[in-house]
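Structure first, commentary second.
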Amino acid sequence: MWLESIGLGVVIFFMLLGFVGSFVPLMPGPLLVWLAVLVYAIATQFTVVGPVAFASMTLIAVISATADMWMALLGAKTLGAGSRSIIWGIGGALAGFIILNLLGALVGYALGILYAEYRRDQDWGAAFKASVGGVAGWGLATGFQAAGALLMIIIFIWQVVTK
């Protein structure tokens, strides 16, 4: 009995770490939550977390974990950024994250798009607009990932409590 409690505690720890990781660039928060659920489901032979609940959490994990890619791209594209600008933005985010962590990643992403868009069109207004769109998309993606991670945690707790 105590071993099961410790196992559940470790799983919940990794789920909370995944939730917090939703706010950290390059940390796959929703996937960490999903992996914790997977380990627990396998350990309990899917008797606590049933196949339907696990399949639902898998779908939530896939959609929310990929939000960084499609929401940031959609935000930047909507406001005029080209594909090459997105690549510059990602490069800027990686460099910024290495230099200044989270704030640096955000600034680096915005500056990368700004630079590439200005270089392409020679128009600061359009470049700034595309940069803002990329940052807005990234911000929405972060919220979406956190919501997905939280929803998986809630479903998991509901499954554990009701079994």
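Chain lettering (A, B, ...) mirrors the order of the structure tokens, residue numbering begins at 1 for each chain separately, and ligand numbering begins at 1 in order of display.
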Give me the residues near Ala43 (chain A) as a PDB file with N, CA and C atoms, in the first residue's frame, where near means some atom within 12 Å (using only C-alpha atoms) and where sequence neighbours in that chain fewer than 4 positions away do not count.
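The result, written out as out07.pdb:
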```pdb
ATOM      1  N   LEU A   3       3.891   1.554  -1.022  1.00  0.00           N
ATOM      2  CA  LEU A   3       4.623   1.643  -2.276  1.00  0.00           C
ATOM      3  C   LEU A   3       3.758   2.284  -3.362  1.00  0.00           C
ATOM      4  N   GLU A   4       2.472   1.939  -3.358  1.00  0.00           N
ATOM      5  CA  GLU A   4       1.546   2.558  -4.313  1.00  0.00           C
ATOM      6  C   GLU A   4       1.400   4.051  -4.059  1.00  0.00           C
ATOM      7  N   GLY A   7       4.487   5.743  -5.350  1.00  0.00           N
ATOM      8  CA  GLY A   7       4.413   5.770  -6.812  1.00  0.00           C
ATOM      9  C   GLY A   7       3.466   6.846  -7.306  1.00  0.00           C
ATOM     10  N   LEU A   8       2.308   6.958  -6.667  1.00  0.00           N
ATOM     11  CA  LEU A   8       1.344   7.997  -7.039  1.00  0.00           C
ATOM     12  C   LEU A   8       1.926   9.383  -6.773  1.00  0.00           C
ATOM     13  N   VAL A  11       4.376  10.203  -9.545  1.00  0.00           N
ATOM     14  CA  VAL A  11       3.638  10.526 -10.773  1.00  0.00           C
ATOM     15  C   VAL A  11       3.066  11.936 -10.689  1.00  0.00           C
ATOM     16  N   ALA A  36       3.876  10.689 -17.517  1.00  0.00           N
ATOM     17  CA  ALA A  36       3.587  10.294 -16.136  1.00  0.00           C
ATOM     18  C   ALA A  36       2.303   9.466 -16.090  1.00  0.00           C
ATOM     19  N   VAL A  37       1.294   9.888 -16.841  1.00  0.00           N
ATOM     20  CA  VAL A  37       0.036   9.126 -16.909  1.00  0.00           C
ATOM     21  C   VAL A  37       0.300   7.749 -17.512  1.00  0.00           C
ATOM     22  N   LEU A  38       1.090   7.705 -18.581  1.00  0.00           N
ATOM     23  CA  LEU A  38       1.399   6.431 -19.238  1.00  0.00           C
ATOM     24  C   LEU A  38       2.074   5.461 -18.272  1.00  0.00           C
ATOM     25  N   VAL A  39       3.070   5.941 -17.550  1.00  0.00           N
ATOM     26  CA  VAL A  39       3.776   5.083 -16.593  1.00  0.00           C
ATOM     27  C   VAL A  39       2.802   4.559 -15.541  1.00  0.00           C
ATOM     28  N   THR A  47      -6.105  -0.279 -14.994  1.00  0.00           N
ATOM     29  CA  THR A  47      -7.299  -0.485 -14.175  1.00  0.00           C
ATOM     30  C   THR A  47      -7.763   0.806 -13.509  1.00  0.00           C
ATOM     31  N   VAL A  48      -6.848   1.717 -13.247  1.00  0.00           N
ATOM     32  CA  VAL A  48      -7.211   2.998 -12.639  1.00  0.00           C
ATOM     33  C   VAL A  48      -7.511   4.023 -13.726  1.00  0.00           C
ATOM     34  N   VAL A  49      -6.581   4.186 -14.622  1.00  0.00           N
ATOM     35  CA  VAL A  49      -6.780   5.068 -15.772  1.00  0.00           C
ATOM     36  C   VAL A  49      -7.194   4.151 -16.917  1.00  0.00           C
TER      37      VAL A  49
END
```
Contacts between region 137-157 of chain A and region 12-75 of chain A, please, where a residue of region 12-75 of chain A counts if it comes within 8 Å (with only C-alpha atoms); show its shortest atom pair and distance in Å to one decimal, rows by chain and ascending number, as CSV.
```
residue,atom,partner,partner_atom,distance
A:Met15,CA,A:Ile153,CA,6.8
A:Gly18,CA,A:Ala149,CA,7.1
A:Phe19,CA,A:Ala149,CA,5.5
A:Val20,CA,A:Ala146,CA,7.7
A:Ser22,CA,A:Ala146,CA,5.1
A:Phe23,CA,A:Thr142,CA,5.9
A:Gly29,CA,A:Ala149,CA,6.9
A:Pro30,CA,A:Ala149,CA,4.8
A:Val33,CA,A:Ala149,CA,6.3
A:Trp34,CA,A:Met152,CA,7.4
A:Val37,CA,A:Phe156,CA,7.2
A:Val49,CA,A:Phe156,CA,6.9
A:Ala53,CA,A:Ile155,CA,7.3
A:Met57,CA,A:Met152,CA,5.6
A:Ile60,CA,A:Gly148,CA,6.0
A:Ala61,CA,A:Gly148,CA,6.7
A:Ser64,CA,A:Gln145,CA,4.7
A:Ala65,CA,A:Gln145,CA,6.1
A:Ala67,CA,A:Ala141,CA,5.1
A:Asp68,CA,A:Ala141,CA,5.1
A:Met71,CA,A:Gly137,CA,5.0
A:Ala72,CA,A:Gly137,CA,4.0
A:Leu73,CA,A:Gly137,CA,7.1
A:Leu74,CA,A:Gly137,CA,6.7
A:Gly75,CA,A:Gly137,CA,4.4
```
Could the residues in this selection be written to a file with N, CA and C atoms, as a PDB file, in the first residue's frame?
```
ATOM      1  N   MET A  15       3.818  15.220 -12.991  1.00  0.00           N
ATOM      2  CA  MET A  15       2.714  15.937 -13.639  1.00  0.00           C
ATOM      3  C   MET A  15       2.795  17.432 -13.340  1.00  0.00           C
ATOM      4  N   GLY A  18       5.539  18.891 -15.262  1.00  0.00           N
ATOM      5  CA  GLY A  18       5.093  19.084 -16.641  1.00  0.00           C
ATOM      6  C   GLY A  18       4.219  20.317 -16.794  1.00  0.00           C
ATOM      7  N   PHE A  19       3.348  20.561 -15.827  1.00  0.00           N
ATOM      8  CA  PHE A  19       2.497  21.755 -15.879  1.00  0.00           C
ATOM      9  C   PHE A  19       3.362  23.015 -15.850  1.00  0.00           C
ATOM     10  N   VAL A  20       4.302  23.057 -14.931  1.00  0.00           N
ATOM     11  CA  VAL A  20       5.208  24.202 -14.848  1.00  0.00           C
ATOM     12  C   VAL A  20       6.036  24.290 -16.136  1.00  0.00           C
ATOM     13  N   SER A  22       5.165  23.750 -19.018  1.00  0.00           N
ATOM     14  CA  SER A  22       4.377  24.332 -20.110  1.00  0.00           C
ATOM     15  C   SER A  22       4.756  25.792 -20.336  1.00  0.00           C
ATOM     16  N   PHE A  23       5.278  26.442 -19.311  1.00  0.00           N
ATOM     17  CA  PHE A  23       5.640  27.853 -19.393  1.00  0.00           C
ATOM     18  C   PHE A  23       7.112  28.072 -19.760  1.00  0.00           C
ATOM     19  N   GLY A  29       6.121  20.316 -21.630  1.00  0.00           N
ATOM     20  CA  GLY A  29       5.276  20.161 -20.451  1.00  0.00           C
ATOM     21  C   GLY A  29       4.141  19.167 -20.607  1.00  0.00           C
ATOM     22  N   PRO A  30       3.261  19.344 -21.613  1.00  0.00           N
ATOM     23  CA  PRO A  30       2.163  18.386 -21.767  1.00  0.00           C
ATOM     24  C   PRO A  30       2.642  16.950 -22.007  1.00  0.00           C
ATOM     25  N   VAL A  33       3.538  15.403 -18.649  1.00  0.00           N
ATOM     26  CA  VAL A  33       2.322  14.996 -17.938  1.00  0.00           C
ATOM     27  C   VAL A  33       1.807  13.681 -18.524  1.00  0.00           C
ATOM     28  N   TRP A  34       1.767  13.610 -19.849  1.00  0.00           N
ATOM     29  CA  TRP A  34       1.266  12.407 -20.514  1.00  0.00           C
ATOM     30  C   TRP A  34       2.145  11.192 -20.196  1.00  0.00           C
ATOM     31  N   VAL A  37       1.294   9.888 -16.841  1.00  0.00           N
ATOM     32  CA  VAL A  37       0.036   9.126 -16.909  1.00  0.00           C
ATOM     33  C   VAL A  37       0.300   7.749 -17.512  1.00  0.00           C
ATOM     34  N   VAL A  49      -6.581   4.186 -14.622  1.00  0.00           N
ATOM     35  CA  VAL A  49      -6.780   5.068 -15.772  1.00  0.00           C
ATOM     36  C   VAL A  49      -7.194   4.151 -16.917  1.00  0.00           C
ATOM     37  N   ALA A  53     -10.114   7.064 -21.035  1.00  0.00           N
ATOM     38  CA  ALA A  53      -9.502   8.245 -20.410  1.00  0.00           C
ATOM     39  C   ALA A  53      -8.078   8.432 -20.929  1.00  0.00           C
ATOM     40  N   MET A  57      -6.595  11.624 -22.982  1.00  0.00           N
ATOM     41  CA  MET A  57      -5.417  12.371 -22.550  1.00  0.00           C
ATOM     42  C   MET A  57      -4.328  12.353 -23.626  1.00  0.00           C
ATOM     43  N   ILE A  60      -5.338  15.057 -26.080  1.00  0.00           N
ATOM     44  CA  ILE A  60      -5.055  16.365 -25.477  1.00  0.00           C
ATOM     45  C   ILE A  60      -3.559  16.652 -25.512  1.00  0.00           C
ATOM     46  N   ALA A  61      -2.740  15.637 -25.212  1.00  0.00           N
ATOM     47  CA  ALA A  61      -1.287  15.815 -25.200  1.00  0.00           C
ATOM     48  C   ALA A  61      -0.749  16.162 -26.583  1.00  0.00           C
ATOM     49  N   SER A  64      -2.009  19.809 -27.515  1.00  0.00           N
ATOM     50  CA  SER A  64      -1.403  20.882 -26.723  1.00  0.00           C
ATOM     51  C   SER A  64       0.118  20.916 -26.854  1.00  0.00           C
ATOM     52  N   ALA A  65       0.758  19.769 -27.010  1.00  0.00           N
ATOM     53  CA  ALA A  65       2.216  19.751 -27.121  1.00  0.00           C
ATOM     54  C   ALA A  65       2.711  20.352 -28.431  1.00  0.00           C
ATOM     55  N   ALA A  67       1.177  22.848 -29.929  1.00  0.00           N
ATOM     56  CA  ALA A  67       0.650  24.215 -30.037  1.00  0.00           C
ATOM     57  C   ALA A  67       1.748  25.246 -30.280  1.00  0.00           C
ATOM     58  N   ASP A  68       2.934  25.036 -29.713  1.00  0.00           N
ATOM     59  CA  ASP A  68       4.050  25.962 -29.941  1.00  0.00           C
ATOM     60  C   ASP A  68       4.318  26.147 -31.428  1.00  0.00           C
ATOM     61  N   MET A  71       0.524  27.428 -33.378  1.00  0.00           N
ATOM     62  CA  MET A  71      -0.053  28.707 -32.958  1.00  0.00           C
ATOM     63  C   MET A  71       0.892  29.875 -33.229  1.00  0.00           C
ATOM     64  N   ALA A  72       2.181  29.692 -32.955  1.00  0.00           N
ATOM     65  CA  ALA A  72       3.144  30.757 -33.235  1.00  0.00           C
ATOM     66  C   ALA A  72       3.226  31.005 -34.737  1.00  0.00           C
ATOM     67  N   LEU A  73       3.232  29.928 -35.501  1.00  0.00           N
ATOM     68  CA  LEU A  73       3.265  30.051 -36.955  1.00  0.00           C
ATOM     69  C   LEU A  73       2.004  30.745 -37.465  1.00  0.00           C
ATOM     70  N   LEU A  74       0.855  30.351 -36.942  1.00  0.00           N
ATOM     71  CA  LEU A  74      -0.411  30.958 -37.356  1.00  0.00           C
ATOM     72  C   LEU A  74      -0.448  32.440 -37.000  1.00  0.00           C
ATOM     73  N   GLY A  75       0.011  32.791 -35.793  1.00  0.00           N
ATOM     74  CA  GLY A  75       0.025  34.197 -35.374  1.00  0.00           C
ATOM     75  C   GLY A  75       0.921  35.046 -36.253  1.00  0.00           C
TER      76      GLY A  75
END
```
Practice item. Excluding region 99-107 of chain A and any residue of its chain fewer than 3 positions from it, enumerate the residues within 12 Å of it, using only C-alpha atoms, and give them as JSON, numbers by chain. Key: {"A": [21, 22, 23, 24, 25, 26, 27, 72, 89, 90, 91, 92, 93, 94, 95, 96, 110, 111, 112, 113, 114, 115, 131, 132, 134, 135, 136, 137, 138, 139, 142]}
